[in-house]
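Notes follow once the structure below has been shown.
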Amino acid sequence: MEAIQTASAYIFSIQGMMLVVIGTILGITMGAIPGLTGAMLIALTLPLTFNMDPINAFILLISMYVGAISGGLITATLLRMPGTPASIMTTMDGYPMAQAGRPGRALGLGITASFVGGCISWLFLITLSRPIALYSTKLGPFDFFALVLLALVLIASIGGKSMSRAFLSASLGVLASLPGIDKATGNLRMTFGFEELNGGLKLLPVLIGMFAISQVISDLTRLEEKITIIPLKRAREMLFSLKDWKDQAVNLVRSSVIGTWVGILPGIGANIGSVSAYSAAKSLAKPEEQEKFGKGSETAIVASECANNATIGGALIPLVSLGIPGSVVDAILLGGLLIHGLQPGPLLFQQNPEMVYTIMGSMFVSNVFMFLFMLVAVKHIAKLASLPRSLLMPVILVFCIIGSFALSTRMFDVWTMVFFGLLGFAFERMKIPLAPFVIGFILAPIAEENLQAGLMASSGSFLPLIQRPISLIFVVSSLVLLAVPLYKRFKYGRSKTS
Amino acid sequence: MTQFQKSFLKHGCIVGVILFSVFQYVKLGSSLGEEYPRKPIRVVVPFQPGGGSDTFVRIVQKAINDDQLMPQPMMVVNKPGGGTSIGSSYVKDARPDGYTVLCLHEALMVAKSNGQSPNGPDDYEVAAATGEFGVVVLVSNESPYQNLGDLMEAAKAQPETLNFGINFNTPTHFSAIMLENTLQGARFRFVATGGGAHRLAGVMGGHLDVIILSIGEYVRFKENGLKAIAYLGEERLDSIPDIPTSAELGFPVFSANLHYWWFPKGTDASIVNYFADVMGKVMQSEYMLQRTEELQILPRIIVGDALSQRIDDRMEAFGKINPELRIELPDFEVWTIGFVLLFIVLALVSHFRSEQSKVDTVSTLRLRYDFAFGALAMTIVYVLLMGLGILPFIWATILFVVIAGLFLTGLDKRKWISVLEVALLMSFGLHFVFTQLFTIDLP
């Protein structure tokens, strides 16, 4: 109770509200500009929060998260370019509707759906986190290891088009996490004689390189691309009518639940949530509505935008209750908790309850502010997409460099960032997805530490992995997730050749 | 407003911000004093912000800066990683002018004696050891061993069956081994579970039988069904008077830890003594006394001969301990490299199999690789300029933003004012934000 009061005192103070406003607006803006993503914004903001109070830092970061996922719908609708990957499905129906002369309606549907999706997933967040956290002290090291294994398989098998490339990406991420001190023995490994590598590769330079630098490089190659925006003259039609609420109620709840569930699954984030809800809405719609999908369906916009915002609350559940990130952005937030000296994991609820309630509270407040701000300012945000990118790019590069440098104030981290930027660009050229790399990089140390602890406690035996019911469930689910696509491909491959 | 007024207002605001930042920069250069310390003293903390050591140093910083115990302020620089060796190496190699000091507890000695770090007490001039924090041995309330004697006897009767949660190769691990050594034949099964929170979760969930925690952590979490069975210090503490010391029970282990202040080797003795005097005043300041009570730290300070004696004793005690790994663990490097190779092969196979059916999508957009790689090359030059110390942050940034901006706008004459504004804003503005507001050093 006391913690809730502390958290709300922080959030509802003038400073707290300022941070919500700044965070949400920056998030929406970055989300709306194609080529700048929420992950990039949050990774670049993290170094700026080193000297802030951890609670204030998280009010800011969570608001950015909410804003960034929401802002993407503006450009998806008016420009046919999703501002963030999370809004890809919105492009399919939002743009046709805007082209047909109803941009206000398309935006309004998306904004309200985002708000509702955020609220419903927030309810799941506040009700589910605590029971899961309480239960999770029963989870032993082997259970955590199996859970992380499941997360890695999940992102690789669902996240991309090619499973082998996704797994390659994930295993390279694991490889990148190895240099430095072996936690179990204290010995150095894979440092190749570089004293700078003793501490391993830092999360922030790797992330900034992978997401920001590689994005800047690919944006620069497309600098000559002409951008045309559908002008938004009338801002009426934006609010839901009573009839809309009635028509979309089922869709809203269903898409929110799908989004939340996809969010909870470790490692996969908003874009998958949005795709899943879109396909569910399509297959469950009436035939005449199904026809409209892809041509400006209202149901489709609502499903996509509702679900991508719902993944926020979902993905925060494993973050606050288990210390395992539900998406790439949550992985950065996890790093943020560590940087601020907080131990993510089952005990976060007891050690730093005020932080847990801050995360929950600021998600809700920021969601409300996002809704109001988007309704009022959507017209102006759309113009941002035409910002001179030739000026923006050097600025982002300077921020990337300072951001990597500030963590330990050493140049080595900057070089690391440049290297991973080139690697990320190479990945994109070779169609290797980036997300599994980052998830592998972040989860591997958690997996390794738990496996080592488990083996030490079992005197070197792997048997508990299949003897403990919970870890058995995770191991079996991982195997099923691996086997199903392989089996399908095998069958499909056979029928094609024969 | 007319177009002209609007643009005038916009540029006016930007120029104002730039002038403010430039003014701050100039002011910074002119504020040097006469005697030591002439400029701010930087304390290197080899941990991430927010941890126990960082919190302690920031309390010291606030005490010094608020009560003006030194004519110049103290700045905290975090250099985490490498099990403290990144930070300790940095200070060892710093100029011995008294403006760089390392604050690190006994991890420095532990890391030296187990070969994890090349830096030991002999590489520094130590000024003082401050703020003692003790540790306690904890079991669960439901544990069959409700006192230290029973626990040690059990560890002797059935060696290597009791799970002892530790952080490998750190002071917790060394204390646990010292405890083992107090009874002939007693052996625990050490489980490397990582930080305090993980150990706590382990003992609460029944995965660990016994752990070591700092007193601060224990006081905060004793409600969770935990029982402290011994305090590893010389005499009982006032804040936890009913917990016996391990020595009283016949298992003498002393593992109280302090924060030591290390100057680079060759720093003038007068500077080291001056700093030790300041620390003496700091430990008596009201703010320090109040905060140390909250955090369960003893506001103790050791200087001079007593300090060198203590360092010698501790190095000797640590030298006797061999923290070897007692079981065989799988080799993660080999496994990971194996998987990487496997997936490279799989990806290549699937790439060539799907190649035939793929139709190349023709894009009308001309991709400007010259922009991408030109900007990238400039970035690398920019980082080199700062990394090799040729140009400081401000000038390198102005140069980079101007050249890159002009390059990307295609030398458009109408844009050069905006480019210049952005360059000045980024260089002086960010310099102000980072060095003044966040106290983070820039190259």
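Letters A, B, ... go to the chains of the structure tokens in the order shown; residues in each chain start at 1; ligands are counted from 1 in the same order.
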
Kindly assemble as a tab-separated table a list of the chain B residues that lie within 7 Å of chain A, each paired with its nearest atom pair and their distance in Å to one decimal, using only C-alpha atoms, sorted first by chain and then by ascending residue number.
residue	atom	partner	partner_atom	distance
B:Gln48	CA	A:Ile339	CA	5.7
B:Pro49	CA	A:His340	CA	5.7
B:Gly50	CA	A:Gly341	CA	4.2
B:Gly51	CA	A:Gly341	CA	4.8
B:Asn78	CA	A:Ser408	CA	6.1
B:Lys79	CA	A:Ser408	CA	4.6
B:Pro80	CA	A:Ser408	CA	6.4
B:Gly81	CA	A:Gly199	CA	4.2
B:Gly82	CA	A:Gly199	CA	3.4
B:Gly83	CA	A:Gly199	CA	6.7
B:Gln116	CA	A:Gly186	CA	6.9
B:Asn163	CA	A:Ala457	CA	6.2
B:Phe168	CA	A:Ala184	CA	5.9
B:Asn169	CA	A:Gly186	CA	6.1
B:Arg189	CA	A:Ala457	CA	6.9
B:Phe190	CA	A:Met456	CA	6.8
B:Val191	CA	A:Ala453	CA	5.3
B:Ala192	CA	A:Ala453	CA	5.3
B:Thr193	CA	A:Ala453	CA	5.6
B:Ala197	CA	A:Gln343	CA	6.5
B:Ala201	CA	A:Thr137	CA	5.7
B:Met204	CA	A:Thr137	CA	6.8
B:Gly205	CA	A:Lys138	CA	4.8
B:His207	CA	A:Gly140	CA	6.2
B:Leu325	CA	A:Thr185	CA	6.3
B:Ile327	CA	A:Gly460	CA	6.4
B:Glu328	CA	A:Gly460	CA	6.6
B:Leu329	CA	A:Gly460	CA	7.0
B:Thr336	CA	A:Leu175	CA	6.1
B:Phe339	CA	A:Ser171	CA	6.5
B:Val340	CA	A:Ser171	CA	5.5
B:Phe343	CA	A:Leu168	CA	4.9
B:Ile344	CA	A:Leu168	CA	6.2
B:Leu346	CA	A:Ser164	CA	5.8
B:Ala347	CA	A:Ser164	CA	5.0
B:Leu365	CA	A:Glu225	CA	6.8
B:Leu367	CA	A:Thr221	CA	4.9
B:Arg368	CA	A:Thr221	CA	4.2
B:Tyr369	CA	A:Thr221	CA	5.2
B:Phe371	CA	A:Leu220	CA	5.9
B:Ala372	CA	A:Leu220	CA	5.0
B:Gly387	CA	A:Met411	CA	5.9
B:Val401	CA	A:Pro394	CA	5.8
B:Ala404	CA	A:Pro394	CA	6.3
B:Gly405	CA	A:Leu391	CA	5.7
B:Leu408	CA	A:Ser390	CA	5.2
B:Thr409	CA	A:Ser390	CA	5.7
B:Val419	CA	A:Leu391	CA	6.9
B:Phe438	CA	A:Asn51	CA	5.7
B:Ile440	CA	A:Ala406	CA	6.5
B:Asp441	CA	A:Thr409	CA	6.7

>> Run DSSP on the backbone and tell me which residues of range 97-319 of chain B come out as strand (DSSP E or B); list them as a PyMOL selection string.
In response: chain B and resi 100-104+124-133+135-140+163-166+189-192+210-214+226-231+245+257-264+298-302

> Arg42 in chain B: which residues within 7 Å, counting only C-alpha atoms, same-chain residues fewer than 5 positions away excluded, as a ChimeraX atom specification?
Replying inline: /B:74-77,99-101

>> For Thr45 in chain A, find every residue with an atom within 12 Å (counting only C-alpha atoms), except residues of its own chain fewer than 6 positions away, and show them as a PyMOL selection string.
In response: chain A and resi 22-23+26-27+38-39+51-52+57-58+60-65+204+208+332-333+336+396+399-400+402-404+406-407

Take the residues that were just selected and, keeping N, CA, C and O atoms, output them as a compact mmCIF listing (two decimals), in the first residue's frame.
# COMPACT_ATOMS: atom_id res chain seq x y z
N ILE A 22 6.49 14.44 -21.68
CA ILE A 22 7.66 14.43 -22.57
C ILE A 22 7.85 13.05 -23.19
O ILE A 22 8.03 12.90 -24.40
N GLY A 23 7.80 12.03 -22.33
CA GLY A 23 8.03 10.66 -22.80
C GLY A 23 7.02 10.25 -23.84
O GLY A 23 7.38 9.75 -24.91
N LEU A 26 7.47 12.33 -27.13
CA LEU A 26 8.66 11.87 -27.86
C LEU A 26 8.43 10.50 -28.47
O LEU A 26 8.81 10.23 -29.61
N GLY A 27 7.77 9.63 -27.69
CA GLY A 27 7.48 8.28 -28.18
C GLY A 27 6.60 8.33 -29.41
O GLY A 27 6.90 7.70 -30.43
N GLY A 38 10.74 2.81 -31.53
CA GLY A 38 10.69 2.95 -30.09
C GLY A 38 11.91 2.35 -29.42
O GLY A 38 12.47 2.92 -28.48
N ALA A 39 12.35 1.19 -29.94
CA ALA A 39 13.53 0.53 -29.35
C ALA A 39 14.73 1.46 -29.42
O ALA A 39 15.51 1.59 -28.48
N ASN A 51 21.71 9.48 -14.21
CA ASN A 51 21.76 10.30 -13.01
C ASN A 51 20.39 10.69 -12.49
O ASN A 51 20.27 11.49 -11.59
N MET A 52 19.36 10.13 -13.11
CA MET A 52 18.02 10.42 -12.62
C MET A 52 17.67 9.43 -11.52
O MET A 52 18.25 8.36 -11.41
N ALA A 57 13.15 7.82 -13.93
CA ALA A 57 13.67 7.28 -15.19
C ALA A 57 12.64 6.34 -15.80
O ALA A 57 12.39 6.39 -17.00
N PHE A 58 12.02 5.51 -14.98
CA PHE A 58 11.08 4.54 -15.54
C PHE A 58 9.75 5.17 -15.94
O PHE A 58 9.12 4.69 -16.88
N LEU A 60 9.59 7.95 -17.40
CA LEU A 60 9.94 8.44 -18.74
C LEU A 60 9.99 7.30 -19.75
O LEU A 60 9.39 7.38 -20.83
N LEU A 61 10.69 6.22 -19.39
CA LEU A 61 10.90 5.14 -20.35
C LEU A 61 9.58 4.43 -20.71
O LEU A 61 9.33 4.13 -21.88
N ILE A 62 8.75 4.18 -19.70
CA ILE A 62 7.48 3.50 -19.97
C ILE A 62 6.59 4.38 -20.84
O ILE A 62 5.93 3.91 -21.78
N SER A 63 6.58 5.70 -20.58
CA SER A 63 5.77 6.60 -21.40
C SER A 63 6.24 6.56 -22.84
O SER A 63 5.43 6.60 -23.78
N MET A 64 7.56 6.49 -23.02
CA MET A 64 8.09 6.41 -24.38
C MET A 64 7.63 5.14 -25.07
O MET A 64 7.28 5.14 -26.25
N TYR A 65 7.63 4.06 -24.31
CA TYR A 65 7.21 2.76 -24.84
C TYR A 65 5.77 2.85 -25.35
O TYR A 65 5.46 2.51 -26.49
N LEU A 204 24.14 -1.94 -24.06
CA LEU A 204 23.72 -0.71 -24.72
C LEU A 204 24.42 -0.48 -26.07
O LEU A 204 23.74 -0.22 -27.06
N ILE A 208 22.30 -0.28 -29.47
CA ILE A 208 22.28 0.95 -30.26
C ILE A 208 22.82 0.65 -31.65
O ILE A 208 22.28 1.08 -32.65
N ILE A 332 15.40 -3.99 -23.27
CA ILE A 332 16.14 -2.76 -22.98
C ILE A 332 15.75 -2.26 -21.59
O ILE A 332 16.59 -1.82 -20.82
N LEU A 333 14.45 -2.34 -21.27
CA LEU A 333 14.00 -1.90 -19.94
C LEU A 333 14.65 -2.76 -18.85
O LEU A 333 15.02 -2.26 -17.79
N GLY A 336 17.81 -1.48 -18.24
CA GLY A 336 17.64 -0.24 -17.50
C GLY A 336 17.50 -0.49 -16.01
O GLY A 336 18.08 0.23 -15.19
N ILE A 396 21.31 11.96 -35.09
CA ILE A 396 21.13 10.63 -34.48
C ILE A 396 22.47 9.94 -34.30
O ILE A 396 22.72 9.29 -33.28
N PHE A 399 24.11 11.18 -31.22
CA PHE A 399 23.46 10.61 -30.03
C PHE A 399 23.88 9.17 -29.81
O PHE A 399 24.08 8.74 -28.67
N CYS A 400 23.99 8.41 -30.89
CA CYS A 400 24.41 7.00 -30.77
C CYS A 400 25.78 6.93 -30.11
O CYS A 400 26.02 6.10 -29.23
N ILE A 402 27.43 9.26 -28.23
CA ILE A 402 27.42 9.67 -26.83
C ILE A 402 26.76 8.61 -25.97
O ILE A 402 27.23 8.28 -24.88
N GLY A 403 25.65 8.06 -26.47
CA GLY A 403 24.91 7.06 -25.70
C GLY A 403 25.77 5.86 -25.37
O GLY A 403 25.71 5.33 -24.27
N SER A 404 26.58 5.41 -26.33
CA SER A 404 27.42 4.25 -26.05
C SER A 404 28.58 4.63 -25.15
O SER A 404 29.03 3.84 -24.33
N ALA A 406 28.71 7.03 -22.82
CA ALA A 406 28.39 7.50 -21.47
C ALA A 406 28.36 6.39 -20.43
O ALA A 406 28.60 6.63 -19.26
N LEU A 407 28.07 5.16 -20.85
CA LEU A 407 27.90 4.07 -19.88
C LEU A 407 29.15 3.86 -19.04
O LEU A 407 29.08 3.82 -17.82

>> Give me, as a ChimeraX atom specification, the residues of range 287-348 of chain A that a backbone DSSP run labels alpha helix (DSSP H).
In response: /A:287-292,298-322,328-339,348

>> Neighbouring residues of range 97-112 of chain A were defined as those with any atom within 8 Å, considering only C-alpha atoms; residues of the same chain fewer than 2 positions away were excluded. Please report them as a PyMOL selection string.
In response: chain A and resi 70+73-74+77-78+93-95+114-116+230+232+234-240+295-298+301-302+305-306+371+374-375

Restricted to C-alpha atoms, what would the selected residues look like written as a CSV table (one decimal), in the first residue's frame?
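Listed below is the output, out-v5.csv:
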chain,number,residue,atom,x,y,z
A,70,SER,CA,0.9,4.2,-30.7
A,73,LEU,CA,-0.5,4.3,-36.8
A,74,ILE,CA,-0.4,7.9,-38.0
A,77,THR,CA,-2.5,5.6,-42.3
A,78,LEU,CA,-1.5,8.8,-44.0
A,93,ASP,CA,-6.5,-1.0,-44.2
A,94,GLY,CA,-5.7,2.4,-42.8
A,95,TYR,CA,-4.2,3.8,-46.0
A,114,SER,CA,-5.0,1.7,-29.1
A,115,PHE,CA,-6.3,3.3,-26.0
A,116,VAL,CA,-8.7,0.4,-25.3
A,230,ILE,CA,-2.5,12.5,-47.4
A,232,LEU,CA,-5.8,15.7,-43.0
A,234,ARG,CA,-11.3,17.7,-41.3
A,235,ALA,CA,-10.5,16.3,-37.9
A,236,ARG,CA,-14.1,15.3,-37.2
A,237,GLU,CA,-15.3,11.7,-37.3
A,238,MET,CA,-12.4,10.9,-34.9
A,239,LEU,CA,-14.4,9.9,-31.9
A,240,PHE,CA,-16.2,6.5,-31.5
A,295,LYS,CA,-9.4,-2.4,-48.7
A,296,GLY,CA,-10.2,-0.2,-45.7
A,297,SER,CA,-12.0,-2.4,-43.2
A,298,GLU,CA,-12.8,-0.7,-39.9
A,301,ILE,CA,-7.8,-1.3,-38.2
A,302,VAL,CA,-9.3,-1.8,-34.8
A,305,GLU,CA,-4.1,-1.2,-33.3
A,306,CYS,CA,-5.8,-2.7,-30.3
A,371,PHE,CA,-5.2,9.1,-26.2
A,374,MET,CA,-3.2,12.0,-30.3
A,375,LEU,CA,-6.8,13.2,-30.8

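Going from CA of Gly193 in chain A over to CA of Glu324 in chain B, you cover 23.0 Å.
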
>> List as a VMD selection string the protein and nucleic acid residues near Pro469 in chain A, meaning an atom at most 12 Å away when only C-alpha atoms are counted, but skip any in the same chain fewer than 5 places from it.
In response: chain A and resid 138 to 140 142 to 143 146 463 to 464 474 to 476

Dump of N, CA and C atoms for the selected residues, as a compact mmCIF listing (two decimals), in the first residue's frame:
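Contents of the output file result-v6.txt:
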# COMPACT_ATOMS: atom_id res chain seq x y z
N LYS A 138 8.96 -20.43 -6.24
CA LYS A 138 9.01 -21.89 -6.28
C LYS A 138 9.82 -22.39 -7.46
N LEU A 139 10.01 -21.53 -8.46
CA LEU A 139 10.77 -21.94 -9.64
C LEU A 139 12.25 -22.02 -9.30
N GLY A 140 12.84 -23.15 -9.57
CA GLY A 140 14.26 -23.33 -9.30
C GLY A 140 15.09 -22.95 -10.51
N PHE A 142 16.67 -24.73 -12.68
CA PHE A 142 16.39 -25.51 -13.88
C PHE A 142 15.11 -25.02 -14.56
N ASP A 143 14.11 -24.63 -13.75
CA ASP A 143 12.86 -24.13 -14.34
C ASP A 143 13.11 -22.85 -15.12
N ALA A 146 14.79 -23.68 -18.38
CA ALA A 146 13.86 -24.23 -19.36
C ALA A 146 12.97 -23.13 -19.93
N LEU A 463 19.37 -34.39 -14.96
CA LEU A 463 18.07 -35.03 -14.80
C LEU A 463 16.95 -34.12 -14.27
N PRO A 464 17.24 -33.22 -13.29
CA PRO A 464 16.15 -32.39 -12.78
C PRO A 464 15.41 -31.63 -13.88
N PHE A 474 8.04 -26.84 -19.88
CA PHE A 474 8.72 -25.89 -20.78
C PHE A 474 9.54 -26.63 -21.83
N VAL A 475 10.24 -27.68 -21.40
CA VAL A 475 11.08 -28.42 -22.34
C VAL A 475 10.21 -29.05 -23.42
N VAL A 476 9.09 -29.68 -22.99
CA VAL A 476 8.21 -30.33 -23.96
C VAL A 476 7.62 -29.29 -24.92

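Distance-wise, CA of Ala270 in chain A and CA of Phe145 in chain A end up 24.6 Å apart.
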
>> At a cut-off of 10 Å, using only C-alpha atoms, what residues contact Ile268 in chain A? Leave out same-chain residues fewer than 4 positions from it and give the result as a VMD selection string.
In response: chain A and resid 151 to 152 154 to 156 158 to 159 262 to 264 272 to 273 311 315 325 to 328 435 to 436 439

Okay, now the selection with all heavy atoms, as a short mmCIF file (atom, residue, chain, number, x, y, z; two decimals), in the first residue's frame?
data_model
loop_
_atom_site.label_atom_id
_atom_site.label_comp_id
_atom_site.auth_asym_id
_atom_site.auth_seq_id
_atom_site.Cartn_x
_atom_site.Cartn_y
_atom_site.Cartn_z
N ALA A 151 11.69 -19.44 -24.51
CA ALA A 151 11.64 -18.11 -25.11
C ALA A 151 12.48 -18.04 -26.37
O ALA A 151 12.05 -17.48 -27.38
CB ALA A 151 12.13 -17.08 -24.10
N LEU A 152 13.66 -18.64 -26.33
CA LEU A 152 14.55 -18.59 -27.50
C LEU A 152 13.94 -19.34 -28.68
O LEU A 152 13.96 -18.87 -29.81
CB LEU A 152 15.91 -19.20 -27.15
CG LEU A 152 16.86 -18.28 -26.42
CD1 LEU A 152 18.13 -19.02 -26.03
CD2 LEU A 152 17.21 -17.09 -27.30
N LEU A 154 10.80 -19.91 -29.13
CA LEU A 154 9.59 -19.18 -29.52
C LEU A 154 9.92 -18.04 -30.48
O LEU A 154 9.31 -17.93 -31.55
CB LEU A 154 8.94 -18.62 -28.26
CG LEU A 154 7.46 -18.32 -28.33
CD1 LEU A 154 6.70 -19.59 -28.61
CD2 LEU A 154 7.01 -17.75 -27.00
N ILE A 155 10.89 -17.23 -30.12
CA ILE A 155 11.17 -16.08 -31.00
C ILE A 155 11.72 -16.56 -32.33
O ILE A 155 11.39 -16.01 -33.38
CB ILE A 155 12.14 -15.08 -30.34
CG1 ILE A 155 12.49 -13.98 -31.34
CG2 ILE A 155 13.41 -15.70 -29.90
CD1 ILE A 155 12.33 -12.64 -30.82
N ALA A 156 12.50 -17.63 -32.30
CA ALA A 156 13.09 -18.09 -33.56
C ALA A 156 12.05 -18.76 -34.44
O ALA A 156 12.07 -18.61 -35.66
CB ALA A 156 14.23 -19.03 -33.27
N ILE A 158 8.64 -18.33 -34.39
CA ILE A 158 7.49 -17.51 -34.77
C ILE A 158 7.93 -16.19 -35.39
O ILE A 158 7.28 -15.67 -36.28
CB ILE A 158 6.60 -17.23 -33.54
CG1 ILE A 158 6.08 -18.55 -32.99
CG2 ILE A 158 5.42 -16.35 -33.92
CD1 ILE A 158 5.20 -18.40 -31.80
N GLY A 159 9.06 -15.68 -34.90
CA GLY A 159 9.44 -14.31 -35.22
C GLY A 159 9.68 -14.00 -36.68
O GLY A 159 9.38 -12.91 -37.15
N VAL A 262 0.09 -12.65 -26.56
CA VAL A 262 1.32 -12.66 -27.37
C VAL A 262 2.42 -11.87 -26.64
O VAL A 262 3.58 -12.23 -26.65
CB VAL A 262 1.05 -12.07 -28.76
CG1 VAL A 262 2.36 -11.87 -29.52
CG2 VAL A 262 0.15 -12.99 -29.55
N GLY A 263 2.02 -10.78 -25.98
CA GLY A 263 2.99 -9.98 -25.24
C GLY A 263 3.64 -10.77 -24.11
O GLY A 263 4.83 -10.67 -23.89
N ILE A 264 2.82 -11.56 -23.39
CA ILE A 264 3.36 -12.32 -22.26
C ILE A 264 4.41 -13.32 -22.73
O ILE A 264 5.43 -13.52 -22.09
CB ILE A 264 2.24 -13.10 -21.52
CG1 ILE A 264 1.27 -12.12 -20.86
CG2 ILE A 264 2.83 -14.02 -20.47
CD1 ILE A 264 0.12 -12.79 -20.16
N ILE A 272 3.98 -9.17 -33.93
CA ILE A 272 3.34 -10.47 -33.98
C ILE A 272 1.93 -10.39 -33.38
O ILE A 272 0.99 -10.98 -33.89
CB ILE A 272 4.16 -11.52 -33.18
CG1 ILE A 272 5.62 -11.48 -33.59
CG2 ILE A 272 3.58 -12.91 -33.37
CD1 ILE A 272 5.92 -12.05 -34.92
N GLY A 273 1.80 -9.64 -32.29
CA GLY A 273 0.49 -9.49 -31.66
C GLY A 273 -0.51 -8.91 -32.64
O GLY A 273 -1.65 -9.38 -32.76
N THR A 311 0.00 -5.55 -26.41
CA THR A 311 1.23 -6.30 -26.11
C THR A 311 2.08 -5.58 -25.06
O THR A 311 2.88 -6.22 -24.39
CB THR A 311 2.11 -6.49 -27.36
OG1 THR A 311 2.42 -5.22 -27.89
CG2 THR A 311 1.41 -7.34 -28.40
N ALA A 315 3.63 -7.75 -22.26
CA ALA A 315 5.07 -7.97 -22.22
C ALA A 315 5.68 -7.50 -20.90
O ALA A 315 6.74 -7.96 -20.50
CB ALA A 315 5.74 -7.25 -23.39
N PRO A 325 12.34 -10.63 -20.22
CA PRO A 325 11.70 -9.64 -21.08
C PRO A 325 10.69 -10.26 -22.03
O PRO A 325 10.93 -11.30 -22.61
CB PRO A 325 12.87 -9.04 -21.87
CG PRO A 325 13.91 -10.10 -21.84
CD PRO A 325 13.74 -10.86 -20.58
N GLY A 326 9.54 -9.59 -22.19
CA GLY A 326 8.51 -10.08 -23.09
C GLY A 326 8.69 -9.60 -24.52
O GLY A 326 8.02 -10.08 -25.41
N SER A 327 9.54 -8.63 -24.75
CA SER A 327 9.77 -8.13 -26.11
C SER A 327 11.12 -7.44 -26.14
O SER A 327 11.78 -7.31 -25.11
CB SER A 327 8.69 -7.16 -26.52
OG SER A 327 8.87 -5.94 -25.83
N VAL A 328 11.51 -6.98 -27.33
CA VAL A 328 12.82 -6.33 -27.44
C VAL A 328 12.89 -5.07 -26.57
O VAL A 328 13.87 -4.84 -25.87
CB VAL A 328 13.13 -6.00 -28.91
CG1 VAL A 328 14.39 -5.17 -29.00
CG2 VAL A 328 13.29 -7.27 -29.72
N ALA A 435 15.77 -9.26 -34.19
CA ALA A 435 15.22 -9.48 -32.85
C ALA A 435 15.77 -10.74 -32.18
O ALA A 435 16.15 -10.68 -31.01
CB ALA A 435 13.70 -9.49 -32.89
N PRO A 436 15.85 -11.90 -32.87
CA PRO A 436 16.39 -13.08 -32.18
C PRO A 436 17.82 -12.85 -31.68
O PRO A 436 18.17 -13.35 -30.61
CB PRO A 436 16.36 -14.17 -33.25
CG PRO A 436 15.34 -13.74 -34.22
CD PRO A 436 15.38 -12.24 -34.22
N ILE A 439 17.50 -10.88 -28.40
CA ILE A 439 16.93 -11.72 -27.35
C ILE A 439 17.95 -12.78 -26.91
O ILE A 439 18.13 -13.03 -25.72
CB ILE A 439 15.62 -12.38 -27.83
CG1 ILE A 439 14.59 -11.29 -28.20
CG2 ILE A 439 15.06 -13.32 -26.79
CD1 ILE A 439 14.00 -10.57 -27.04
#
